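This is run-v5.tsv. It holds TSV, C-alpha atoms.
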chain	number	residue	atom	x	y	z
A	1	MET	CA	77.14	19.55	-131.38
A	2	LYS	CA	74.12	17.25	-131.63
A	3	ALA	CA	73.28	16.25	-135.18
A	4	MET	CA	70.05	17.70	-136.50
A	5	THR	CA	67.22	15.66	-137.92
A	6	ASP	CA	66.28	15.73	-141.59
A	7	ARG	CA	63.36	18.00	-140.69
A	8	GLU	CA	65.64	20.39	-138.80
A	9	HIS	CA	68.02	20.46	-141.78
A	10	ARG	CA	65.05	21.33	-144.05
A	11	GLU	CA	64.05	24.18	-141.74
A	12	LEU	CA	67.65	25.43	-141.56
A	13	LEU	CA	67.94	25.52	-145.34
A	14	HIS	CA	64.60	27.31	-145.67
A	15	ARG	CA	65.65	29.92	-143.05
A	16	HIS	CA	68.61	30.69	-145.29
A	17	GLY	CA	66.40	30.97	-148.37
A	18	LEU	CA	67.63	27.69	-149.83
A	19	LYS	CA	65.60	24.85	-151.29
A	20	ALA	CA	65.90	21.62	-149.32
A	21	THR	CA	67.01	19.46	-152.23
A	22	PRO	CA	67.69	15.77	-151.67
A	23	GLN	CA	71.39	16.36	-152.42
A	24	ARG	CA	71.70	19.21	-149.89
A	25	LEU	CA	69.95	17.14	-147.25
A	26	ALA	CA	72.20	14.14	-147.97
A	27	VAL	CA	75.36	16.25	-147.67
A	28	LEU	CA	74.18	17.77	-144.38
A	29	LYS	CA	73.28	14.31	-143.06
A	30	ALA	CA	76.66	12.89	-144.04
A	31	LEU	CA	78.50	15.78	-142.36
A	32	SER	CA	76.34	15.62	-139.25
A	33	GLU	CA	77.16	11.96	-138.70
A	34	THR	CA	80.92	12.38	-138.38
A	35	VAL	CA	83.31	14.17	-136.05
A	36	ALA	CA	85.99	13.88	-138.72
A	37	HIS	CA	86.58	16.78	-141.04
A	38	PRO	CA	86.01	15.07	-144.39
A	39	THR	CA	87.16	16.12	-147.82
A	40	ALA	CA	84.59	16.54	-150.60
A	41	GLU	CA	85.55	13.11	-151.90
A	42	THR	CA	84.86	11.53	-148.51
A	43	VAL	CA	81.49	13.31	-148.31
A	44	HIS	CA	80.73	12.06	-151.83
A	45	ARG	CA	81.35	8.45	-150.74
A	46	ALA	CA	79.09	8.95	-147.69
A	47	VAL	CA	76.32	10.47	-149.83
A	48	GLN	CA	76.23	7.59	-152.34
A	49	PRO	CA	74.16	5.20	-150.15
A	50	LEU	CA	71.72	8.04	-149.42
A	51	ARG	CA	71.49	9.47	-152.96
A	52	PRO	CA	72.96	7.02	-155.47
A	53	GLY	CA	74.12	8.71	-158.64
A	54	THR	CA	74.94	12.04	-156.99
A	55	SER	CA	78.03	13.32	-158.79
A	56	LEU	CA	81.19	14.57	-157.14
A	57	ALA	CA	80.62	17.93	-158.86
A	58	THR	CA	77.21	18.19	-157.18
A	59	VAL	CA	78.75	17.44	-153.78
A	60	TYR	CA	81.39	20.13	-154.36
A	61	ASN	CA	78.69	22.62	-155.37
A	62	VAL	CA	76.56	21.81	-152.32
A	63	LEU	CA	79.54	22.04	-149.94
A	64	ASN	CA	80.59	25.38	-151.42
A	65	LEU	CA	77.04	26.74	-151.14
A	66	LEU	CA	76.61	25.54	-147.54
A	67	ALA	CA	79.98	27.02	-146.56
A	68	ARG	CA	79.19	30.34	-148.29
A	69	GLU	CA	75.90	30.50	-146.37
A	70	GLY	CA	77.66	29.75	-143.07
A	71	LEU	CA	75.86	26.44	-142.52
A	72	ILE	CA	79.12	24.49	-142.47
A	73	MET	CA	82.76	25.54	-142.18
A	74	GLU	CA	85.34	25.02	-144.91
A	75	LEU	CA	88.84	24.45	-143.61
A	76	THR	CA	91.31	25.33	-146.32
A	77	MET	CA	94.63	23.61	-145.77
A	78	ALA	CA	97.66	25.10	-147.51
A	79	ASP	CA	99.12	21.69	-148.25
A	80	ALA	CA	96.01	19.57	-148.76
A	81	ALA	CA	92.42	19.42	-149.95
A	82	SER	CA	89.79	21.48	-148.16
A	83	ARG	CA	88.03	19.80	-145.27
A	84	PHE	CA	84.48	20.48	-144.12
A	85	ASP	CA	83.21	20.89	-140.58
A	86	TYR	CA	79.60	20.58	-139.45
A	87	THR	CA	80.35	22.69	-136.35
A	88	VAL	CA	80.28	26.38	-137.21
A	89	GLN	CA	80.60	27.86	-133.71
A	90	PRO	CA	84.08	29.30	-133.04
A	91	HIS	CA	86.48	26.52	-132.07
A	92	ALA	CA	90.07	25.48	-132.64
A	93	HIS	CA	91.44	22.63	-134.72
A	94	ILE	CA	94.48	20.43	-134.42
A	95	VAL	CA	96.09	19.03	-137.58
A	96	CYS	CA	98.47	16.08	-137.75
A	97	THR	CA	101.50	16.96	-139.86
A	98	GLY	CA	102.07	13.24	-140.42
A	99	CYS	CA	98.77	11.81	-141.65
A	100	GLY	CA	96.71	14.99	-142.18
A	101	ARG	CA	94.02	14.10	-139.62
A	102	VAL	CA	92.02	17.14	-138.46
A	103	ALA	CA	90.19	17.26	-135.13
A	104	ASP	CA	88.34	19.80	-133.04
A	105	ILE	CA	90.15	20.79	-129.87
A	106	GLN	CA	88.49	22.47	-126.92
A	107	VAL	CA	90.73	25.41	-126.08
A	108	PRO	CA	89.56	29.01	-125.69
A	109	VAL	CA	89.53	31.10	-128.86
A	110	PRO	CA	90.02	34.69	-127.67
A	111	ALA	CA	87.05	36.79	-128.81
A	112	GLU	CA	89.20	39.91	-129.05
A	113	ALA	CA	91.87	38.33	-131.27
A	114	GLY	CA	90.38	39.68	-134.50
A	115	SER	CA	90.05	43.26	-133.31
A	116	GLN	CA	93.57	43.16	-131.81
A	117	ALA	CA	94.96	41.90	-135.11
A	118	GLU	CA	93.14	44.71	-136.93
A	119	SER	CA	94.55	47.38	-134.64
A	120	VAL	CA	98.17	46.26	-135.03
A	121	SER	CA	98.06	45.38	-138.74
A	122	GLY	CA	95.64	47.79	-140.40
A	123	PHE	CA	93.90	44.78	-141.99
A	124	ARG	CA	90.15	44.24	-141.79
A	125	VAL	CA	89.85	40.80	-140.23
A	126	ASP	CA	86.98	38.72	-141.64
A	127	LYS	CA	87.73	35.45	-139.91
A	128	VAL	CA	89.78	34.17	-137.00
A	129	ARG	CA	90.95	30.58	-137.11
A	130	LEU	CA	93.02	28.96	-134.39
A	131	GLU	CA	94.92	25.93	-135.62
A	132	PHE	CA	97.50	23.77	-133.91
A	133	ARG	CA	99.83	21.47	-135.85
A	134	GLY	CA	101.80	18.47	-134.67
A	135	LEU	CA	101.83	14.68	-134.71
A	136	CYS	CA	98.77	12.69	-133.64
A	137	PRO	CA	99.12	9.76	-131.19
A	138	ASP	CA	99.04	7.24	-134.06
A	139	CYS	CA	101.87	8.96	-135.95
A	140	LEU	CA	103.91	9.31	-132.77
A	141	ARG	CA	104.00	5.49	-132.41
Go ahead and express the file in the form of structure tokens.
Amino acid sequence: MKAMTDREHRELLHRHGLKATPQRLAVLKALSETVAHPTAETVHRAVQPLRPGTSLATVYNVLNLLAREGLIMELTMADAASRFDYTVQPHAHIVCTGCGRVADIQVPVPAEAGSQAESVSGFRVDKVRLEFRGLCPDCLR
């Protein structure tokens, strides 16, 4: 996904009824400039040159708000800190069980998976997430 400009981020926030604060814009910019899936701490370090003095708590609050609004994706990892993804369109992830690296992977995510899971389980499915786990090339060496 092509990173949006500051102006496009402002418009996106406004479309969702959110003020385009400097902190929100800095977090969106930091996320848009990486293909990694950073933790809140990593986003905080990236925001510092853009908005010196922005606290880690503010970054957490902004990330949680943006994820709640569907502007970014939060990837909760059972064994690690949450990661954040600028790409919100349905896609799969691959996670290294050695170093914890998370990457997007281009494999089909079946559109009917959620409804099929509902019909066999009785659950109401709110989200479908396809995740692969294994060792990355670096950890294999």
>> Counting only C-alpha atoms, which residue out of A:Ala26, A:Val107, A:Leu31, A:Leu130 sits closest to A:Ala3?
In response: A:Leu31
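Residues surrounding A:Thr42 within 12 Å are A:Val27, A:Ala30, A:Leu31, A:Thr34, A:Ala36, A:His37, A:Pro38, A:Thr39, A:Ala40, A:His44, A:Arg45, A:Ala46, A:Val47, A:Gln48, A:Leu56, A:Val59, A:Tyr60, A:Leu63, A:Ala81, A:Ser82, A:Arg83, A:Phe84 [all atoms listed in the file; sequence separation below 2 positions excluded].
Comparing the minimum interatomic distances between A:Gln89 and each of A:Arg129, A:Arg101, A:Lys29, A:Arg141, counting all atoms listed in the file, we find that A:Arg129 sits nearest.
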> Hey, which of A:Ala57, A:Leu140, A:Ala92, A:Val62 ends up closest to A:Leu28? Count only C-alpha atoms.
Replying inline: A:Val62
> For A:Thr87, which of A:Ala111, A:Val35, A:Leu66, A:Leu18 is the closest residue, counting all atoms listed in the file?
Replying inline: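 The shortest atom-to-atom distance to A:Thr87 comes from A:Val35.
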> atom CA of A:Ala20 to atom CA of A:Met73: how many Å, to one decimal?
Replying inline: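 Atom-to-atom, atom CA of A:Ala20 and atom CA of A:Met73 are spaced 18.7 Å apart.
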> Can you tell me how far atom CA of A:His14 sits from atom CA of A:Asn64, in Å to one decimal?
Replying inline: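 Separating atom CA of A:His14 from atom CA of A:Asn64 is a distance of 17.1 Å.
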> In Å, how far is it from atom CA of A:Pro110 to atom CA of A:Gly122?
Replying inline: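 Answer for the atom CA of A:Pro110 to atom CA of A:Gly122 separation: 19.1 Å.
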Coordinates of box centre and edge lengths for stretch 86-92 of chain A, 4 Å on every side, axis-aligned, as JSON:
{"center_x": 84.8, "center_y": 24.9, "center_z": -135.8, "size_x": 18.5, "size_y": 16.7, "size_z": 15.4}
> A:Ala67, A:Val95, A:Met77, A:Leu135: which is nearest A:Arg24, counting all atoms listed in the file?
Replying inline: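 With all atoms listed in the file as the atom set, the closest residue is A:Ala67.
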